[in-house]
file final.txt (compact mmCIF, C-alpha atoms and all ligand atoms)
# COMPACT_ATOMS: atom_id res chain seq x y z
CA GLN A 154 -19.14 -3.88 -15.15
CA SER A 155 -16.77 -6.62 -14.07
CA PHE A 156 -14.54 -6.72 -10.99
CA GLY A 157 -10.77 -6.57 -11.11
CA SER A 158 -8.33 -5.23 -13.66
CA GLN A 159 -8.10 -6.38 -17.25
CA GLY A 160 -4.96 -8.39 -16.49
CA SER A 161 -6.45 -10.13 -13.45
CA GLN A 162 -9.61 -11.06 -15.37
CA GLU A 163 -7.47 -12.53 -18.10
CA VAL A 164 -5.35 -14.51 -15.61
CA ILE A 165 -8.48 -16.12 -14.15
CA ARG A 166 -9.90 -16.82 -17.60
CA GLN A 167 -6.74 -18.61 -18.70
CA LEU A 168 -6.54 -20.67 -15.49
CA GLU A 169 -10.16 -21.72 -15.96
CA GLU A 170 -9.51 -22.57 -19.59
CA ALA A 171 -6.71 -24.87 -18.43
CA GLY A 172 -9.20 -26.67 -16.20
CA TYR A 173 -8.47 -25.06 -12.83
CA GLU A 174 -10.53 -22.94 -10.45
CA ALA A 175 -9.46 -19.35 -9.84
CA VAL A 176 -11.14 -16.55 -7.85
CA PHE A 177 -10.48 -13.10 -6.43
CA VAL A 178 -9.72 -13.09 -2.69
CA GLY A 179 -8.50 -10.81 0.10
CA GLY A 180 -8.84 -7.11 0.74
CA ALA A 181 -9.97 -6.20 -2.76
CA VAL A 182 -13.13 -8.33 -2.46
CA ARG A 183 -13.90 -6.85 0.96
CA ASP A 184 -13.31 -3.29 -0.22
CA HIS A 185 -15.39 -3.85 -3.34
CA LEU A 186 -18.37 -4.98 -1.24
CA LEU A 187 -17.90 -1.86 0.89
CA GLY A 188 -18.22 0.22 -2.26
CA LYS A 189 -14.58 1.27 -2.25
CA VAL A 190 -12.24 1.16 -5.20
CA ALA A 191 -9.85 -1.74 -4.87
CA ASN A 192 -6.53 -2.01 -6.64
CA ASP A 193 -4.62 -5.04 -5.32
CA PHE A 194 -6.35 -7.96 -7.01
CA ASP A 195 -5.10 -11.13 -5.34
CA ILE A 196 -6.07 -14.35 -7.02
CA ALA A 197 -6.36 -17.78 -5.41
CA THR A 198 -6.37 -20.93 -7.51
CA SER A 199 -6.68 -24.71 -7.32
CA ALA A 200 -3.66 -24.99 -9.63
CA PHE A 201 -0.40 -25.90 -7.88
CA PRO A 202 2.48 -23.45 -8.32
CA ASN A 203 4.21 -25.45 -11.06
CA GLU A 204 0.87 -25.77 -12.84
CA VAL A 205 0.39 -21.99 -12.67
CA LYS A 206 3.84 -21.56 -14.20
CA ASN A 207 2.90 -23.89 -17.04
CA VAL A 208 -0.21 -21.89 -17.90
CA PHE A 209 1.55 -18.54 -18.35
CA SER A 210 4.57 -17.55 -20.38
CA GLN A 211 5.82 -14.86 -18.03
CA THR A 212 5.99 -15.65 -14.31
CA ILE A 213 8.23 -14.74 -11.40
CA ASP A 214 8.70 -16.93 -8.32
CA VAL A 215 8.08 -14.43 -5.54
CA GLY A 216 7.03 -16.81 -2.78
CA ILE A 217 6.74 -20.16 -4.42
CA GLU A 218 7.27 -22.09 -1.19
CA HIS A 219 4.07 -20.43 0.11
CA GLY A 220 2.33 -21.00 -3.20
CA THR A 221 2.60 -17.48 -4.62
CA VAL A 222 3.62 -16.89 -8.23
CA LEU A 223 3.66 -13.48 -9.86
CA VAL A 224 2.13 -13.58 -13.33
CA LEU A 225 2.94 -10.80 -15.77
CA MET A 226 -0.17 -10.29 -17.86
CA GLN A 227 0.17 -7.55 -20.47
CA ASN A 228 2.86 -6.11 -18.20
CA GLU A 229 0.51 -6.01 -15.23
CA PRO A 230 1.91 -8.01 -12.27
CA ILE A 231 -0.78 -10.27 -10.75
CA GLU A 232 -0.22 -12.37 -7.62
CA VAL A 233 -1.59 -15.87 -7.95
CA THR A 234 -1.58 -18.06 -4.84
CA THR A 235 -2.46 -21.74 -4.69
CA TYR A 236 -5.26 -22.73 -2.31
CA ARG A 237 -3.52 -23.80 0.86
CA THR A 238 -3.98 -24.84 4.43
CA GLU A 239 -1.54 -24.23 7.21
CA SER A 240 -0.25 -26.78 9.68
CA THR A 241 0.48 -26.25 13.36
CA TYR A 242 2.11 -23.03 14.52
CA SER A 243 4.71 -23.71 17.16
CA ASP A 244 6.11 -20.17 17.31
CA HIS A 245 2.86 -18.10 17.33
CA ARG A 246 3.82 -16.41 14.09
CA ARG A 247 4.22 -18.74 11.15
CA PRO A 248 2.94 -22.14 10.19
CA ASP A 249 5.44 -24.98 10.50
CA ALA A 250 4.42 -25.99 6.96
CA VAL A 251 1.86 -25.06 4.30
CA HIS A 252 -0.06 -27.63 2.27
CA PHE A 253 -1.46 -26.99 -1.18
CA VAL A 254 -5.06 -28.11 -1.57
CA ARG A 255 -7.69 -28.16 -4.31
CA THR A 256 -10.71 -26.74 -2.43
CA LEU A 257 -11.39 -23.06 -1.98
CA LYS A 258 -13.24 -23.48 1.31
CA ASP A 259 -10.14 -24.92 2.96
CA ASP A 260 -8.17 -21.89 1.80
CA LEU A 261 -10.76 -19.41 3.07
CA GLN A 262 -10.82 -21.20 6.43
CA ARG A 263 -7.16 -20.39 7.18
CA ARG A 264 -7.77 -16.64 6.67
CA ASP A 265 -7.95 -14.30 9.63
CA PHE A 266 -11.37 -12.64 9.70
CA THR A 267 -14.71 -13.44 8.10
CA ILE A 268 -14.65 -10.18 6.14
CA ASN A 269 -11.31 -11.30 4.66
CA ALA A 270 -12.50 -14.84 3.93
CA LEU A 271 -14.64 -13.92 0.95
CA ALA A 272 -14.03 -14.89 -2.65
CA LEU A 273 -15.47 -13.52 -5.87
CA THR A 274 -15.61 -15.41 -9.16
CA ARG A 275 -14.69 -13.80 -12.46
CA THR A 276 -18.38 -13.43 -13.25
CA GLY A 277 -19.19 -11.77 -9.92
CA ASP A 278 -20.55 -14.62 -7.76
CA LEU A 279 -19.67 -14.28 -4.08
CA ILE A 280 -18.38 -17.27 -2.13
CA ASP A 281 -18.93 -16.71 1.57
CA PRO A 282 -18.80 -19.83 3.74
CA PHE A 283 -18.22 -17.98 7.05
CA GLY A 284 -20.80 -15.23 7.03
CA GLY A 285 -18.42 -12.48 5.98
CA GLN A 286 -21.09 -10.52 4.15
CA THR A 287 -23.29 -10.29 7.26
CA ASP A 288 -20.33 -9.18 9.35
CA LEU A 289 -19.46 -6.56 6.72
CA ALA A 290 -23.01 -5.24 6.89
CA HIS A 291 -22.83 -5.05 10.70
CA GLY A 292 -19.33 -3.61 10.77
CA LEU A 293 -17.86 -6.52 12.70
CA ILE A 294 -14.40 -8.02 12.76
CA ARG A 295 -14.82 -11.67 13.68
CA ALA A 296 -12.16 -14.37 13.63
CA VAL A 297 -12.78 -17.30 11.31
CA GLY A 298 -13.38 -20.28 13.61
CA ASN A 299 -12.18 -20.33 17.21
CA PRO A 300 -10.57 -16.95 18.01
CA ASP A 301 -8.33 -18.37 20.76
CA GLU A 302 -6.85 -20.87 18.34
CA ARG A 303 -6.45 -18.30 15.60
CA PHE A 304 -4.58 -15.77 17.76
CA ASN A 305 -2.54 -18.51 19.35
CA GLU A 306 -1.45 -19.62 15.86
CA ASP A 307 -0.44 -16.19 14.62
CA ALA A 308 -0.34 -13.40 17.17
CA LEU A 309 -0.07 -10.70 14.50
CA ARG A 310 -3.75 -11.26 13.74
CA MET A 311 -4.57 -9.39 16.98
CA LEU A 312 -2.93 -6.25 15.67
CA ARG A 313 -4.50 -6.80 12.25
CA ALA A 314 -7.94 -6.83 13.88
CA ILE A 315 -7.20 -3.44 15.38
CA ARG A 316 -5.72 -2.15 12.14
CA PHE A 317 -9.06 -2.95 10.48
CA VAL A 318 -10.84 -1.04 13.27
CA SER A 319 -8.71 1.96 12.35
CA VAL A 320 -9.19 1.73 8.60
CA LEU A 321 -12.81 0.56 8.41
CA GLY A 322 -14.29 1.96 11.62
CA PHE A 323 -15.63 -1.51 12.49
CA SER A 324 -15.92 -3.00 15.98
CA ILE A 325 -14.29 -6.20 17.05
CA GLU A 326 -16.89 -8.90 17.75
CA GLU A 327 -16.98 -9.64 21.48
CA GLU A 328 -15.60 -13.20 21.55
CA THR A 329 -12.83 -12.13 19.19
CA SER A 330 -12.03 -9.10 21.34
CA LEU A 331 -11.95 -11.12 24.56
CA ALA A 332 -9.61 -13.61 22.91
CA ILE A 333 -7.24 -10.75 22.00
CA THR A 334 -7.15 -9.74 25.66
CA ARG A 335 -6.31 -13.32 26.62
CA HIS A 336 -3.50 -13.66 24.10
CA ALA A 337 -2.16 -10.09 24.05
CA GLU A 338 1.23 -10.99 25.52
CA LYS A 339 1.98 -13.27 22.55
CA ILE A 340 2.47 -10.24 20.31
CA ARG A 341 6.08 -10.36 21.50
CA TYR A 342 6.66 -13.46 19.36
CA VAL A 343 5.90 -11.51 16.21
CA SER A 344 8.74 -9.91 14.26
CA ILE A 345 9.00 -6.16 14.58
CA GLU A 346 8.93 -5.78 10.79
CA ARG A 347 5.44 -7.29 10.61
CA ILE A 348 4.25 -5.20 13.56
CA LYS A 349 5.64 -2.05 11.96
CA MET A 350 3.83 -2.77 8.69
CA GLU A 351 0.47 -3.12 10.43
CA MET A 352 1.15 -0.05 12.61
CA ASP A 353 1.89 2.03 9.50
CA LYS A 354 -1.55 1.13 8.17
CA LEU A 355 -3.12 1.66 11.60
CA TRP A 356 -1.80 5.23 11.87
CA THR A 357 -3.40 6.26 8.60
CA GLY A 358 -6.88 4.95 9.40
CA GLN A 359 -9.67 7.46 9.70
CA TYR A 360 -10.81 5.74 12.89
CA VAL A 361 -7.41 5.49 14.54
CA GLY A 362 -8.88 6.93 17.74
CA GLN A 363 -11.17 3.90 18.07
CA ALA A 364 -8.23 1.64 17.27
CA LEU A 365 -6.07 3.20 20.00
CA LYS A 366 -8.87 2.63 22.48
CA ALA A 367 -9.03 -1.01 21.41
CA ILE A 368 -5.26 -1.37 21.84
CA ALA A 369 -5.61 -0.07 25.40
CA GLN A 370 -8.73 -2.05 26.18
CA THR A 371 -7.30 -5.38 25.03
CA ASN A 372 -4.04 -4.60 26.83
CA LEU A 373 -2.03 -5.10 23.64
CA SER A 374 -0.47 -1.73 24.49
CA ALA A 375 1.40 -3.34 27.36
CA TYR A 376 3.27 -5.67 25.01
CA LEU A 377 3.96 -3.43 22.03
CA PRO A 378 7.42 -1.87 22.19
CA LEU A 379 7.44 1.79 23.28
CA PHE A 380 3.76 2.51 23.37
CA THR A 381 1.48 4.82 25.31
CA THR A 382 -2.24 4.83 25.85
CA SER A 383 -2.28 8.50 26.80
CA GLU A 384 -5.56 10.21 25.99
CA LYS A 385 -3.53 12.93 24.31
CA LEU A 386 -2.77 10.53 21.49
CA LEU A 387 -6.49 9.97 20.94
CA HIS A 388 -7.17 13.66 20.95
CA CYS A 389 -4.81 14.52 18.12
CA ALA A 390 -6.10 11.74 15.83
CA PRO A 391 -6.63 11.21 12.93
CA PHE A 392 -3.18 11.58 11.43
CA GLU A 393 -2.14 12.74 7.99
CA GLY A 394 0.24 9.86 7.36
CA PRO A 395 2.10 7.11 9.21
CA GLU A 396 5.07 9.39 9.99
CA GLN A 397 2.77 11.82 11.75
CA GLY A 398 1.37 8.97 13.86
CA TRP A 399 4.85 7.84 14.84
CA ALA A 400 5.88 11.41 15.64
CA MET A 401 2.88 11.87 17.94
CA LEU A 402 3.65 8.59 19.69
CA MET A 403 7.23 9.80 20.13
CA GLY A 404 6.32 13.16 21.63
CA ILE A 405 3.36 12.09 23.73
CA GLY A 406 5.10 8.93 24.95
CA HIS A 407 8.28 10.94 25.70
CA PHE A 408 10.45 8.72 23.55
CA THR A 409 13.48 9.98 21.67
CA PRO A 410 13.63 9.73 17.87
CA LEU A 411 16.46 7.24 18.13
CA GLU A 412 14.70 5.03 20.68
CA LEU A 413 11.56 4.80 18.60
CA ALA A 414 13.41 4.31 15.33
CA ARG A 415 15.44 1.48 16.86
CA ALA A 416 12.53 -0.22 18.56
CA TYR A 417 10.54 -0.36 15.31
CA LYS A 418 13.50 -0.79 12.93
CA MET A 419 12.63 2.32 10.96
CA SER A 420 14.30 3.42 7.74
CA ASN A 421 16.79 6.29 7.75
CA ARG A 422 14.20 8.48 6.10
CA GLU A 423 11.70 7.79 8.89
CA LYS A 424 14.33 8.30 11.56
CA GLY A 425 15.30 11.60 9.89
CA PHE A 426 11.70 12.78 9.94
CA LEU A 427 11.33 12.05 13.66
CA THR A 428 14.62 13.79 14.43
CA GLN A 429 13.55 16.89 12.52
CA VAL A 430 10.15 17.00 14.19
CA ALA A 431 11.79 16.79 17.60
CA HIS A 432 14.17 19.59 16.61
CA ALA A 433 11.43 21.89 15.31
CA PHE A 434 9.31 21.12 18.38
CA PHE A 435 12.03 22.12 20.85
CA ASN A 436 12.82 25.31 18.94
CA ARG A 437 9.23 26.48 18.80
CA GLN A 438 9.36 29.91 20.41
CA LYS A 439 6.73 32.38 21.52
CA ASN A 440 3.94 30.82 19.48
CA ASP A 441 5.94 30.89 16.29
CA TYR A 442 8.91 29.48 14.46
CA THR A 443 12.02 31.48 13.64
CA ILE A 444 13.16 32.03 10.09
CA VAL A 445 16.00 29.60 10.72
CA ASP A 446 13.56 26.88 11.81
CA LEU A 447 11.27 27.48 8.86
CA TYR A 448 14.26 27.26 6.57
CA ALA A 449 15.67 24.12 8.19
CA HIS A 450 12.51 22.02 7.84
CA SER A 451 9.82 21.02 5.39
CA ILE A 452 6.19 22.03 5.87
CA ASP A 453 5.40 18.41 6.78
CA VAL A 454 7.94 18.45 9.59
CA LEU A 455 6.85 21.86 10.87
CA TRP A 456 3.17 21.04 10.78
CA THR A 457 3.73 17.76 12.61
CA ALA A 458 5.81 19.57 15.25
CA GLU A 459 3.01 22.10 15.62
CA LYS A 460 0.37 19.37 16.04
CA LEU A 461 2.56 17.75 18.66
CA TYR A 462 3.07 21.05 20.45
CA HIS A 463 -0.63 21.59 20.57
CA ALA A 464 -1.28 18.05 21.82
CA LEU A 465 1.14 18.58 24.70
CA TYR A 466 0.21 22.20 25.45
CA PRO A 467 -3.47 22.49 24.53
CA GLU A 468 -3.71 25.90 26.25
CA SER A 469 -1.06 27.45 24.02
CA LYS A 470 -1.91 29.66 21.09
CA ARG A 471 -2.02 27.67 17.85
CA VAL A 472 -0.09 28.38 14.71
CA SER A 473 -2.48 27.58 11.88
CA TYR A 474 -1.52 25.51 8.88
CA GLU A 475 -2.21 28.54 6.68
CA HIS A 476 0.06 30.75 8.74
CA LEU A 477 2.79 28.13 8.70
CA THR A 478 2.66 27.58 4.95
CA SER A 479 2.52 31.28 4.12
CA ALA A 480 5.47 31.99 6.45
CA TRP A 481 7.38 29.13 4.85
CA GLU A 482 6.54 30.19 1.32
CA ALA A 483 7.54 33.77 2.10
CA LEU A 484 11.13 32.72 2.76
CA PRO A 485 13.43 34.27 0.13
CA ILE A 486 15.07 30.89 -0.45
CA HIS A 487 14.36 27.30 0.62
CA SER A 488 17.81 25.84 0.10
CA LYS A 489 21.29 26.83 -1.07
CA ASP A 490 20.33 25.68 -4.55
CA ASP A 491 17.93 28.61 -4.77
CA LEU A 492 20.77 31.14 -4.49
CA GLN A 493 21.44 33.08 -7.70
CA VAL A 494 25.21 32.67 -7.30
CA ASN A 495 27.60 29.80 -6.70
CA GLY A 496 31.17 29.24 -5.51
CA LYS A 497 32.59 29.75 -9.00
CA ASP A 498 31.10 33.26 -9.11
CA LEU A 499 32.84 34.14 -5.85
CA MET A 500 36.20 32.91 -7.15
CA GLU A 501 35.78 34.98 -10.32
CA TRP A 502 34.79 38.15 -8.49
CA ILE A 503 37.99 38.32 -6.48
CA GLY A 504 40.23 36.29 -8.80
CA GLN A 505 41.15 33.67 -6.21
CA ARG A 506 41.42 29.90 -6.28
CA GLY A 507 38.94 27.70 -4.50
CA GLY A 508 39.46 26.74 -0.89
CA ARG A 509 37.66 26.54 2.41
CA TRP A 510 36.84 30.24 2.15
CA VAL A 511 34.36 29.55 -0.68
CA GLY A 512 32.08 27.37 1.43
CA GLU A 513 32.36 29.74 4.39
CA TRP A 514 31.33 32.72 2.27
CA MET A 515 28.53 30.80 0.59
CA ASP A 516 27.16 30.13 4.11
CA LYS A 517 27.34 33.84 4.91
CA ILE A 518 25.57 34.73 1.68
CA GLU A 519 22.91 32.11 2.37
CA SER A 520 22.27 33.62 5.79
CA ALA A 521 22.24 37.20 4.49
CA VAL A 522 19.73 36.36 1.77
CA LEU A 523 17.60 34.30 4.17
CA HIS A 524 17.46 37.22 6.65
CA GLN A 525 16.80 39.68 3.84
CA GLN A 526 19.96 41.67 4.35
CA CYS A 527 20.54 41.20 0.67
CA ASP A 528 18.22 40.36 -2.27
CA ASN A 529 18.63 37.01 -4.00
CA ASP A 530 19.94 38.65 -7.15
CA ALA A 531 23.40 38.04 -8.65
CA PHE A 532 24.22 41.75 -8.89
CA ARG A 533 23.05 42.56 -5.34
CA ILE A 534 24.85 39.55 -3.91
CA LYS A 535 28.08 40.54 -5.65
CA GLU A 536 27.78 44.05 -4.24
CA TRP A 537 27.04 42.75 -0.73
CA PHE A 538 29.84 40.19 -0.90
CA LEU A 539 32.55 42.58 -2.16
CA ASN A 540 31.62 45.04 0.57
CA GLU A 541 31.71 42.48 3.36
CA TYR A 542 34.83 40.82 2.02
CA LYS A 543 36.71 44.15 2.02
CA ARG A 544 35.45 44.94 5.51
CA GLU A 545 36.73 41.65 6.94
CA LYS A 546 40.18 42.02 5.37
P1 LIG B 601 -5.22 -4.40 2.61
O1 LIG B 601 -6.34 -3.89 1.80
O2 LIG B 601 -4.77 -3.43 3.61
O3 LIG B 601 -4.10 -5.00 1.79
P2 LIG B 601 -5.84 -7.13 3.13
O4 LIG B 601 -7.00 -7.77 3.81
O5 LIG B 601 -5.71 -7.39 1.67
O6 LIG B 601 -5.86 -5.60 3.47
P3 LIG B 601 -3.25 -8.33 3.30
O7 LIG B 601 -2.21 -8.25 4.36
O8 LIG B 601 -2.94 -7.82 1.95
O9 LIG B 601 -4.54 -7.64 3.88
O10 LIG B 601 -3.63 -9.87 3.22
C1 LIG B 601 -4.44 -10.42 2.16
C2 LIG B 601 -5.36 -11.50 2.70
O11 LIG B 601 -4.60 -12.57 3.24
C3 LIG B 601 -6.27 -11.04 3.83
O12 LIG B 601 -7.46 -10.45 3.35
C4 LIG B 601 -6.52 -12.35 4.57
O13 LIG B 601 -7.52 -13.10 3.91
C5 LIG B 601 -5.20 -13.07 4.43
N1 LIG B 601 -4.27 -12.83 5.54
C6 LIG B 601 -3.30 -11.89 5.62
N2 LIG B 601 -2.60 -11.97 6.75
C7 LIG B 601 -3.13 -12.99 7.43
C8 LIG B 601 -2.81 -13.62 8.70
N3 LIG B 601 -1.84 -13.14 9.48
N4 LIG B 601 -3.58 -14.67 9.06
C9 LIG B 601 -4.56 -15.16 8.27
N5 LIG B 601 -4.89 -14.63 7.09
C10 LIG B 601 -4.19 -13.57 6.66
MG MG B 602 -4.01 -6.70 0.43
call {"tool": "encode", "arguments": {"input": "final.txt", "output": "structure tokens", "more": "lines below"}}
Ligand code: ATP
Ligand code: MG
result
Amino acid sequence: QSFGSQGSQEVIRQLEEAGYEAVFVGGAVRDHLLGKVANDFDIATSAFPNEVKNVFSQTIDVGIEHGTVLVLMQNEPIEVTTYRTESTYSDHRRPDAVHFVRTLKDDLQRRDFTINALALTRTGDLIDPFGGQTDLAHGLIRAVGNPDERFNEDALRMLRAIRFVSVLGFSIEEETSLAITRHAEKIRYVSIERIKMEMDKLWTGQYVGQALKAIAQTNLSAYLPLFTTSEKLLHCAPFEGPEQGWAMLMGIGHFTPLELARAYKMSNREKGFLTQVAHAFFNRQKNDYTIVDLYAHSIDVLWTAEKLYHALYPESKRVSYEHLTSAWEALPIHSKDDLQVNGKDLMEWIGQRGGRWVGEWMDKIESAVLHQQCDNDAFRIKEWFLNEYKREK
């Protein structure tokens, strides 16, 4: 059984046929050796970008200045990157220039960790000039070459090391770890977008507790925007998604949704999630949520608020996930769309034109159905509405 997808195998075959070298590299090789299913098959090649474009009929320039061309092979998009080395890094985050080269070893040498500096040929031969396989077997994250130089070049690598702790459960090799401590403050040179992307992956790791300890131990925590090393954060790990991780950081670090969303340049969807969690958290009453709270939020929001509540008040009585979902599912409706009537019905029933009154009465009907003062049935709602309408006149 061969490695990679059909399309990626074919891309390598065609590059080889044209006289170039091409191999699998990156996370997919690492994950494959760990016995995990990989899906992102990055290819590195000795062909220069314009040469890659000449080999294939369908290509897209996605990052041609860095050597990356997207090849469409039987509709499958495959990233092909020319072997490259990187020059000096004057800003601790990107190389001043990249140089395309013809030897794989030079390309592997610029990669961050030994476990990420492995290559696999189309026929399954491993190329491992830096002892990546041994480190994989020992569960070690070790910088390729001199760790001080590597973190000084690109400070994001420090956070990547810890992200791999979270996802793989590995330890950081001692020299590498000490170097992170020495260079921790340089994380401020890295763009928040890149930090956020690594943090998103960090939150979802199964070993995020270990990763949070490493962030504290290396003192990276002191230089990440709005962070906390509170033990409480460790205790509620692992998390069920990046949003849950961010929400826990918000609550335990006593940050507001807006502060955190701004500091990490979050999307509106992410900001909305944090705002809702904060809302549900503050409304949590007497070990339960009111019907209005259940109705206002999704299960994801409510469950995250509950986890946060428990992290902050461990003595309090818990609301179980089962209880929460059954209470939520028992609601007569989950949104206005679930109502069996609409504004047009109301206008018909009393023969009046539309106006502000329609929306106001739809709100009243929504509330009556939600609180089970009236069944969600067109006939019952009409009856309830005509009664109430007469009474208010
Ligand atoms: P994942 O499975 O999460 O995608 P990955 O190892 O593939 O993990 P990517 O960010 O996709 O991570 O990067 C692909 C490869 O590029 C890495 O395996 C590594 O060899 C190299 N790489 C990525 N970022 C850096 C960096 N900042 N410095 C050096 N090499 C890097
Ligand atoms: Mg990858």
call {"tool": "atom_distance", "arguments": {"input": "final.txt", "atom1": "CA of Asp260 in chain A", "atom2": "CA of Ala364 in chain A"}}
result
28.2 Å
call {"tool": "residues_near_point", "arguments": {"input": "final.txt", "point": "(-5.2, -15.7, -6.8)", "cutoff": "6 Å", "atoms": "only C-alpha atoms", "output": "NGL selection string"}}
result
:A and (177 or 195-198 or 233-234)
call {"tool": "residues_around", "arguments": {"input": "final.txt", "residues": "Ala400 in chain A", "least_positions_apart": "5", "cutoff": "8 Å", "atoms": "all atoms listed in the file", "output": "PyMOL selection string"}}
result
chain A and resi 427+430+457+461
call {"tool": "closest_atom_pairs", "arguments": {"input": "final.txt", "of": "chain A", "to": "ligand MG 602 (chain B)", "cutoff": "7 Å", "atoms": "only C-alpha atoms and all ligand atoms", "output": "JSON lines"}}
result
{"residue": "A:Gly179", "atom": "CA", "partner": "B:MG602", "partner_atom": "MG", "distance": 6.1}
{"residue": "A:Gly180", "atom": "CA", "partner": "B:MG602", "partner_atom": "MG", "distance": 4.9}
{"residue": "A:Ala181", "atom": "CA", "partner": "B:MG602", "partner_atom": "MG", "distance": 6.8}
{"residue": "A:Asp193", "atom": "CA", "partner": "B:MG602", "partner_atom": "MG", "distance": 6.0}
call {"tool": "residues_around", "arguments": {"input": "final.txt", "residues": "range 493-507 of chain A", "least_positions_apart": "6", "cutoff": "7 Å", "atoms": "only C-alpha atoms", "output": "list in words"}}
result
Met515, Asn529, Asp530 and Ala531 of chain A
call {"tool": "write_last_selection", "arguments": {"input": "final.txt", "atoms": "C-alpha atoms", "output": "mmCIF file, in the frame of the given file"}}
result
data_model
loop_
_atom_site.group_PDB
_atom_site.id
_atom_site.type_symbol
_atom_site.label_atom_id
_atom_site.label_comp_id
_atom_site.auth_asym_id
_atom_site.auth_seq_id
_atom_site.Cartn_x
_atom_site.Cartn_y
_atom_site.Cartn_z
ATOM 1 C CA MET A 515 28.530 30.800 0.590
ATOM 2 C CA ASN A 529 18.630 37.010 -4.000
ATOM 3 C CA ASP A 530 19.940 38.650 -7.150
ATOM 4 C CA ALA A 531 23.400 38.040 -8.650
#
call {"tool": "closest_atom_pairs", "arguments": {"input": "final.txt", "of": "chain A", "to": "ligand LIG 601 (chain B)", "cutoff": "10 Å", "atoms": "all atoms listed in the file", "output": "Markdown table"}}
result
| residue | atom | partner | partner_atom | distance |
| --- | --- | --- | --- | --- |
| A:Val178 | CA | B:LIG601 | O13 | 7.0 |
| A:Gly179 | CA | B:LIG601 | O12 | 3.4 |
| A:Gly180 | CA | B:LIG601 | O5 | 3.3 |
| A:Ala181 | CA | B:LIG601 | O5 | 6.3 |
| A:Val182 | CA | B:LIG601 | O12 | 8.4 |
| A:Arg183 | CA | B:LIG601 | O4 | 7.5 |
| A:Asp184 | CA | B:LIG601 | O1 | 7.3 |
| A:Ala191 | CA | B:LIG601 | O1 | 7.8 |
| A:Asn192 | CA | B:LIG601 | O1 | 8.6 |
| A:Asp193 | CA | B:LIG601 | O3 | 7.1 |
| A:Phe194 | CA | B:LIG601 | O5 | 8.7 |
| A:Asp195 | CA | B:LIG601 | C1 | 7.6 |
| A:Glu239 | CA | B:LIG601 | C9 | 9.6 |
| A:Arg246 | CA | B:LIG601 | N3 | 8.0 |
| A:Arg247 | CA | B:LIG601 | N3 | 8.4 |
| A:Pro248 | CA | B:LIG601 | N4 | 10.0 |
| A:Asp260 | CA | B:LIG601 | O13 | 9.1 |
| A:Leu261 | CA | B:LIG601 | O13 | 7.1 |
| A:Gln262 | CA | B:LIG601 | N5 | 8.9 |
| A:Arg263 | CA | B:LIG601 | C9 | 5.9 |
| A:Arg264 | CA | B:LIG601 | N5 | 3.5 |
| A:Asp265 | CA | B:LIG601 | C9 | 3.8 |
| A:Phe266 | CA | B:LIG601 | O13 | 7.0 |
| A:Thr267 | CA | B:LIG601 | O13 | 8.3 |
| A:Ile268 | CA | B:LIG601 | O12 | 7.7 |
| A:Asn269 | CA | B:LIG601 | O12 | 4.2 |
| A:Ala270 | CA | B:LIG601 | O13 | 5.3 |
| A:Leu271 | CA | B:LIG601 | O13 | 7.8 |
| A:Ala272 | CA | B:LIG601 | O13 | 9.4 |
| A:Ala296 | CA | B:LIG601 | C9 | 9.3 |
| A:Val297 | CA | B:LIG601 | C9 | 9.0 |
| A:Arg303 | CA | B:LIG601 | N4 | 8.0 |
| A:Phe304 | CA | B:LIG601 | N4 | 8.8 |
| A:Glu306 | CA | B:LIG601 | N4 | 8.7 |
| A:Asp307 | CA | B:LIG601 | N3 | 6.1 |
| A:Ala308 | CA | B:LIG601 | N3 | 7.8 |
| A:Leu309 | CA | B:LIG601 | N3 | 5.9 |
| A:Arg310 | CA | B:LIG601 | N3 | 5.0 |
| A:Met311 | CA | B:LIG601 | N3 | 8.8 |
| A:Leu312 | CA | B:LIG601 | N3 | 9.3 |
| A:Arg313 | CA | B:LIG601 | N3 | 7.4 |
| A:Ala314 | CA | B:LIG601 | N3 | 9.8 |
| A:Arg316 | CA | B:LIG601 | O2 | 8.7 |
| A:Phe317 | CA | B:LIG601 | O2 | 8.1 |
| A:Val320 | CA | B:LIG601 | O2 | 8.4 |
| A:Arg347 | CA | B:LIG601 | N3 | 9.4 |
| A:Met350 | CA | B:LIG601 | O7 | 9.2 |
| A:Glu351 | CA | B:LIG601 | O7 | 8.4 |
| A:Lys354 | CA | B:LIG601 | O2 | 7.2 |
| A:Leu355 | CA | B:LIG601 | O2 | 9.6 |
call {"tool": "atom_distance", "arguments": {"input": "final.txt", "atom1": "CA of Thr212 in chain A", "atom2": "CA of Val224 in chain A"}}
result
4.5 Å
call {"tool": "atom_distance", "arguments": {"input": "final.txt", "atom1": "CA of Met401 in chain A", "atom2": "CA of Val343 in chain A"}}
result
23.6 Å
call {"tool": "residues_near_point", "arguments": {"input": "final.txt", "point": "(-5.0, -26.2, -20.5)", "cutoff": "12 Å", "atoms": "only C-alpha atoms", "output": "list of chain:residue names"}}
result
A:Arg166, A:Gln167, A:Leu168, A:Glu169, A:Glu170, A:Ala171, A:Gly172, A:Tyr173, A:Glu174, A:Ala200, A:Glu204, A:Val205, A:Lys206, A:Asn207, A:Val208, A:Phe209
call {"tool": "residues_around", "arguments": {"input": "final.txt", "residues": "Tyr462 in chain A", "least_positions_apart": "6", "cutoff": "9 Å", "atoms": "only C-alpha atoms", "output": "short mmCIF file (atom, residue, chain, number, x, y, z; two decimals) with C-alpha atoms, in the frame of the given file"}}
result
data_model
loop_
_atom_site.label_atom_id
_atom_site.label_comp_id
_atom_site.auth_asym_id
_atom_site.auth_seq_id
_atom_site.Cartn_x
_atom_site.Cartn_y
_atom_site.Cartn_z
CA GLY A 404 6.32 13.16 21.63
CA PHE A 434 9.31 21.12 18.38
CA ARG A 437 9.23 26.48 18.80
CA SER A 469 -1.06 27.45 24.02
CA ARG A 471 -2.02 27.67 17.85
#
